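A.B. asks: One structure coming up, written as structure tokens, with questions to follow.
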Amino acid sequence: MRLYLSDLHLEDVRSPQFQTLASVLARESRRCEGIYFLGDLLEVWVGDDDDDELACALIELLSETAQRCNLFVMHGNRDFLLGDTFAGATGVRLLKDPYLTSDGTLLSHGDAFCIEDIDYQATRIVLRSEAWQRQILEQPLDARRQLAASMRASSREANENKAANIMDVCASEVSRVMMEQQATRLIHGHTHRPGVHQEPWGRRYVLGAWERCGWLLREQNGSFQLECLPLVDRCET
Ligand SMILES: [Mn+2]
């Protein structure tokens, strides 16, 4: 059995999202061979030297889980600075985007398919470049935290003024990549539009963001099920 999740956007260890993730991992890791995080596990990641409460708690949670089951993490557009030090500390394997599995499934965060958002794609090229990332990581942790906060604010402002279809995947771009990769199944997140779509080339599974509920795609014996799970609040119990 394998699980696929994305867009948890974790930002607080006391949040229902973090608590729900902890209970999902405790429950599922014993029977899963792999759990895949397809981007934006975190709302922001400012570098592997981050020592705030959430970073420490997440590293502890993942390293404990990785002793029972294989964990895979792909970068999203918010946590693309997750690096080898984080992978080493947790035991997760970082996957490149897109990643083709041996059964012809293409895994992707999904933002690379949103090519109609031209400004976003231009920014993406800069933020994912080695030169920009090296320059950012040379700055002190506090400066990176401030930069992250201002980037989030301006991204929110930009998105408020965009038509909804611009922020969805572009069907022709998805087809092109699926042909190129010779894949017949796609699992992605990013768009916050959970659903299962039959496309000309195969089936497209869209993971949901952990907002009002949590989302995961469960693969068992070759069949796939998109599940919505209630967010638990430890304070309520
Ligand atoms: Mn995203």
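Residues in the structure tokens are numbered from 1 in each chain, the chains being A, B, ... in the order shown, and ligands are numbered from 1 in the order shown.
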Find the residues of chain A that sit at most 7 Å from ligand 1; for each, write down the nearest two atoms and how far apart they are in Å, to one decimal. Count only C-alpha atoms and all ligand atoms. Sort by chain, then by number going up, and give it as a Markdown table.
C.D. replies:
```
| residue | atom | partner | partner_atom_place_in_ligand_line | distance |
| --- | --- | --- | --- | --- |
| A:Asp7 | CA | ligand 1 | 1 (Mn) | 6.3 |
| A:Gly39 | CA | ligand 1 | 1 (Mn) | 6.4 |
| A:Asp40 | CA | ligand 1 | 1 (Mn) | 5.5 |
| A:Gly76 | CA | ligand 1 | 1 (Mn) | 5.1 |
| A:Asn77 | CA | ligand 1 | 1 (Mn) | 4.9 |
| A:Arg78 | CA | ligand 1 | 1 (Mn) | 6.5 |
| A:His109 | CA | ligand 1 | 1 (Mn) | 6.6 |
| A:Asp111 | CA | ligand 1 | 1 (Mn) | 6.3 |
| A:Gly189 | CA | ligand 1 | 1 (Mn) | 6.9 |
| A:His190 | CA | ligand 1 | 1 (Mn) | 3.8 |
| A:Thr191 | CA | ligand 1 | 1 (Mn) | 6.9 |
```
A.B. asks: I want to know what sits within 7 Å of region 57-60 of chain A, based on only C-alpha atoms, with residues of the same chain fewer than 5 positions away left out; could you give that as number ranges by chain?
C.D. replies: A: 13, 89-90
A.B. asks: Those same residues - C-alpha atoms - I'd like them written as an mmCIF file, in the first residue's frame.
C.D. replies:
```
data_model
loop_
_atom_site.group_PDB
_atom_site.id
_atom_site.type_symbol
_atom_site.label_atom_id
_atom_site.label_comp_id
_atom_site.auth_asym_id
_atom_site.auth_seq_id
_atom_site.Cartn_x
_atom_site.Cartn_y
_atom_site.Cartn_z
ATOM 1 C CA VAL A 13 3.011 22.236 15.483
ATOM 2 C CA ALA A 89 18.141 14.129 9.517
ATOM 3 C CA THR A 90 14.751 12.581 8.730
#
```
A.B. asks: Which residues come within 12 Å of Ala26 (chain A), counting only C-alpha atoms, excluding same-chain residues fewer than 4 positions away, as a PyMOL selection string?
C.D. replies: chain A and resi 19-22+30-32+35+61-62+64-69
A.B. asks: Can you list every residue in region 140-210 of chain A that DSSP puts in strand (DSSP E), as a short mmCIF file (atom, residue, chain, number, x, y, z; two decimals) with all heavy atoms, in the first residue's frame?
C.D. replies:
```
data_model
loop_
_atom_site.label_atom_id
_atom_site.label_comp_id
_atom_site.auth_asym_id
_atom_site.auth_seq_id
_atom_site.Cartn_x
_atom_site.Cartn_y
_atom_site.Cartn_z
N ARG A 185 -0.61 7.66 -15.86
CA ARG A 185 -1.31 8.07 -14.64
C ARG A 185 -0.54 9.25 -14.06
O ARG A 185 0.70 9.24 -14.05
CB ARG A 185 -1.31 6.90 -13.65
CG ARG A 185 -2.19 7.11 -12.43
CD ARG A 185 -2.06 5.97 -11.43
NE ARG A 185 -2.58 4.71 -11.93
CZ ARG A 185 -1.86 3.60 -12.09
NH1 ARG A 185 -0.58 3.58 -11.79
NH2 ARG A 185 -2.41 2.50 -12.55
N LEU A 186 -1.27 10.25 -13.58
CA LEU A 186 -0.61 11.42 -13.00
C LEU A 186 -1.19 11.68 -11.62
O LEU A 186 -2.41 11.65 -11.43
CB LEU A 186 -0.84 12.65 -13.91
CG LEU A 186 -0.37 14.01 -13.37
CD1 LEU A 186 1.15 14.04 -13.18
CD2 LEU A 186 -0.79 15.13 -14.34
N ILE A 187 -0.31 11.93 -10.67
CA ILE A 187 -0.75 12.34 -9.34
C ILE A 187 -0.07 13.68 -9.04
O ILE A 187 1.15 13.79 -9.10
CB ILE A 187 -0.35 11.31 -8.26
CG1 ILE A 187 -0.91 9.92 -8.62
CG2 ILE A 187 -0.85 11.75 -6.88
CD1 ILE A 187 -0.43 8.80 -7.68
N HIS A 188 -0.89 14.69 -8.78
CA HIS A 188 -0.31 15.99 -8.45
C HIS A 188 -1.19 16.72 -7.45
O HIS A 188 -2.33 16.33 -7.16
CB HIS A 188 -0.09 16.84 -9.71
CG HIS A 188 -1.33 17.40 -10.34
ND1 HIS A 188 -1.91 18.58 -9.90
CD2 HIS A 188 -2.12 16.96 -11.36
CE1 HIS A 188 -2.97 18.85 -10.64
NE2 HIS A 188 -3.15 17.87 -11.53
N GLY A 195 -9.65 15.96 -6.90
CA GLY A 195 -10.58 15.27 -7.78
C GLY A 195 -9.87 14.20 -8.59
O GLY A 195 -8.64 14.08 -8.56
N VAL A 196 -10.67 13.41 -9.30
CA VAL A 196 -10.15 12.36 -10.18
C VAL A 196 -10.70 12.64 -11.57
O VAL A 196 -11.91 12.79 -11.73
CB VAL A 196 -10.59 10.96 -9.70
CG1 VAL A 196 -10.01 9.88 -10.61
CG2 VAL A 196 -10.18 10.74 -8.25
N HIS A 197 -9.80 12.75 -12.56
CA HIS A 197 -10.22 13.12 -13.91
C HIS A 197 -9.78 12.07 -14.92
O HIS A 197 -8.63 11.62 -14.88
CB HIS A 197 -9.59 14.45 -14.31
CG HIS A 197 -9.90 15.56 -13.35
ND1 HIS A 197 -11.04 16.33 -13.43
CD2 HIS A 197 -9.23 16.00 -12.25
CE1 HIS A 197 -11.05 17.21 -12.43
NE2 HIS A 197 -9.97 17.03 -11.70
N GLN A 198 -10.69 11.70 -15.81
CA GLN A 198 -10.32 10.82 -16.92
C GLN A 198 -9.86 11.70 -18.07
O GLN A 198 -10.63 12.52 -18.57
CB GLN A 198 -11.53 9.95 -17.32
CG GLN A 198 -11.18 8.86 -18.31
CD GLN A 198 -10.11 7.90 -17.81
OE1 GLN A 198 -10.18 7.44 -16.66
NE2 GLN A 198 -9.10 7.64 -18.62
N GLU A 199 -8.60 11.56 -18.46
CA GLU A 199 -8.03 12.38 -19.53
C GLU A 199 -7.75 11.48 -20.73
O GLU A 199 -7.74 10.26 -20.59
CB GLU A 199 -6.71 13.02 -19.04
CG GLU A 199 -6.80 13.77 -17.72
CD GLU A 199 -7.46 15.14 -17.83
OE1 GLU A 199 -7.96 15.49 -18.93
OE2 GLU A 199 -7.47 15.87 -16.82
N GLY A 202 -5.01 9.05 -19.86
CA GLY A 202 -5.11 8.22 -18.65
C GLY A 202 -5.79 8.97 -17.53
O GLY A 202 -6.53 9.93 -17.77
N ARG A 203 -5.53 8.57 -16.32
CA ARG A 203 -6.24 9.16 -15.20
C ARG A 203 -5.37 10.17 -14.44
O ARG A 203 -4.18 9.94 -14.25
CB ARG A 203 -6.70 8.04 -14.26
CG ARG A 203 -7.88 8.46 -13.40
CD ARG A 203 -8.67 7.26 -12.92
NE ARG A 203 -9.62 6.78 -13.92
CZ ARG A 203 -10.52 5.83 -13.68
NH1 ARG A 203 -10.57 5.25 -12.52
NH2 ARG A 203 -11.35 5.45 -14.63
N ARG A 204 -5.99 11.26 -14.04
CA ARG A 204 -5.28 12.32 -13.31
C ARG A 204 -5.90 12.46 -11.92
O ARG A 204 -7.08 12.76 -11.78
CB ARG A 204 -5.40 13.64 -14.08
CG ARG A 204 -4.71 14.82 -13.42
CD ARG A 204 -4.55 15.98 -14.39
NE ARG A 204 -5.82 16.60 -14.73
CZ ARG A 204 -6.33 17.68 -14.11
NH1 ARG A 204 -5.65 18.26 -13.13
NH2 ARG A 204 -7.49 18.18 -14.48
N TYR A 205 -5.08 12.21 -10.93
CA TYR A 205 -5.52 12.32 -9.53
C TYR A 205 -4.98 13.63 -8.95
O TYR A 205 -3.77 13.86 -8.96
CB TYR A 205 -4.99 11.15 -8.70
CG TYR A 205 -5.54 9.81 -9.15
CD1 TYR A 205 -4.87 9.06 -10.11
CD2 TYR A 205 -6.72 9.31 -8.61
CE1 TYR A 205 -5.38 7.83 -10.53
CE2 TYR A 205 -7.22 8.09 -9.00
CZ TYR A 205 -6.55 7.35 -9.96
OH TYR A 205 -7.06 6.13 -10.38
N VAL A 206 -5.88 14.46 -8.46
CA VAL A 206 -5.47 15.74 -7.89
C VAL A 206 -5.68 15.70 -6.38
O VAL A 206 -6.80 15.51 -5.89
CB VAL A 206 -6.26 16.91 -8.49
CG1 VAL A 206 -5.67 18.25 -8.02
CG2 VAL A 206 -6.27 16.85 -10.02
#
```
A.B. asks: Would you pick out the contacts of region 112-119 of chain A at 6 Å or less, using only C-alpha atoms, so that residues sharing its chain but fewer than 2 positions from it are not included, and give the list as a compact mmCIF listing (two decimals) with N, CA, C and O atoms, in the first residue's frame?
C.D. replies:
```txt
# COMPACT_ATOMS: atom_id res chain seq x y z
N GLY A 110 2.86 19.92 -9.39
CA GLY A 110 1.78 20.39 -10.27
C GLY A 110 1.93 21.82 -10.74
O GLY A 110 1.33 22.21 -11.74
N GLN A 121 5.44 31.53 -13.58
CA GLN A 121 6.47 30.66 -14.16
C GLN A 121 7.82 31.37 -14.23
O GLN A 121 8.87 30.75 -14.02
N ALA A 122 7.79 32.68 -14.50
CA ALA A 122 9.05 33.44 -14.54
C ALA A 122 9.70 33.47 -13.15
O ALA A 122 10.90 33.26 -13.00
N ILE A 166 -6.41 30.47 -14.65
CA ILE A 166 -4.97 30.67 -14.85
C ILE A 166 -4.18 29.85 -13.84
O ILE A 166 -3.09 29.37 -14.12
N ASP A 168 -5.00 26.97 -12.62
CA ASP A 168 -5.18 25.52 -12.75
C ASP A 168 -4.15 24.99 -13.76
O ASP A 168 -3.51 25.77 -14.46
N VAL A 169 -4.03 23.65 -13.82
CA VAL A 169 -3.08 23.09 -14.78
C VAL A 169 -3.60 23.32 -16.19
O VAL A 169 -4.81 23.39 -16.43
N CYS A 170 -2.66 23.42 -17.13
CA CYS A 170 -3.01 23.61 -18.54
C CYS A 170 -3.05 22.21 -19.18
O CYS A 170 -2.05 21.49 -19.17
N GLU A 173 -0.39 21.21 -21.73
CA GLU A 173 0.94 21.04 -21.13
C GLU A 173 1.03 19.70 -20.39
O GLU A 173 2.03 18.98 -20.47
```
A.B. asks: So how many Å separate CA of Leu217 (chain A) and CA of Tyr4 (chain A), to one decimal?
C.D. replies: 5.0 Å
A.B. asks: With only C-alpha atoms as the atoms that count, which of A:Glu227, A:Gln146, A:Lys162, A:Trp201 lies nearest to Arg176 (chain A)?
C.D. replies: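 Smallest separation from Arg176 (chain A) among the options: A:Trp201.
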A.B. asks: Among region 9-228 of chain A, which residues does DSSP mark as helix (DSSP H, G or I) when it is run on the backbone? Keep the chain and numbering as in the structure and answer as a PyMOL selection string.
C.D. replies: chain A and resi 16-28+53-65+84-90+111-113+118-127+130-137+141-160+164-167+171-181
A.B. asks: Go through A:Val44, A:Leu100, A:Cys56, A:Ser172 and flag the residue nearest His75 (chain A), using only C-alpha atoms for the distances.
C.D. replies: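 Ranked by minimum distance to His75 (chain A), first place goes to A:Val44.
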A.B. asks: Looking at A:Glu219, A:Glu130, A:Asp12, A:Asp48, which one is nearest to Gly83 (chain A), with distances taken over only C-alpha atoms?
C.D. replies: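 Of A:Glu219, A:Glu130, A:Asp12, A:Asp48, the one nearest Gly83 (chain A) is A:Asp48, counting only C-alpha atoms.
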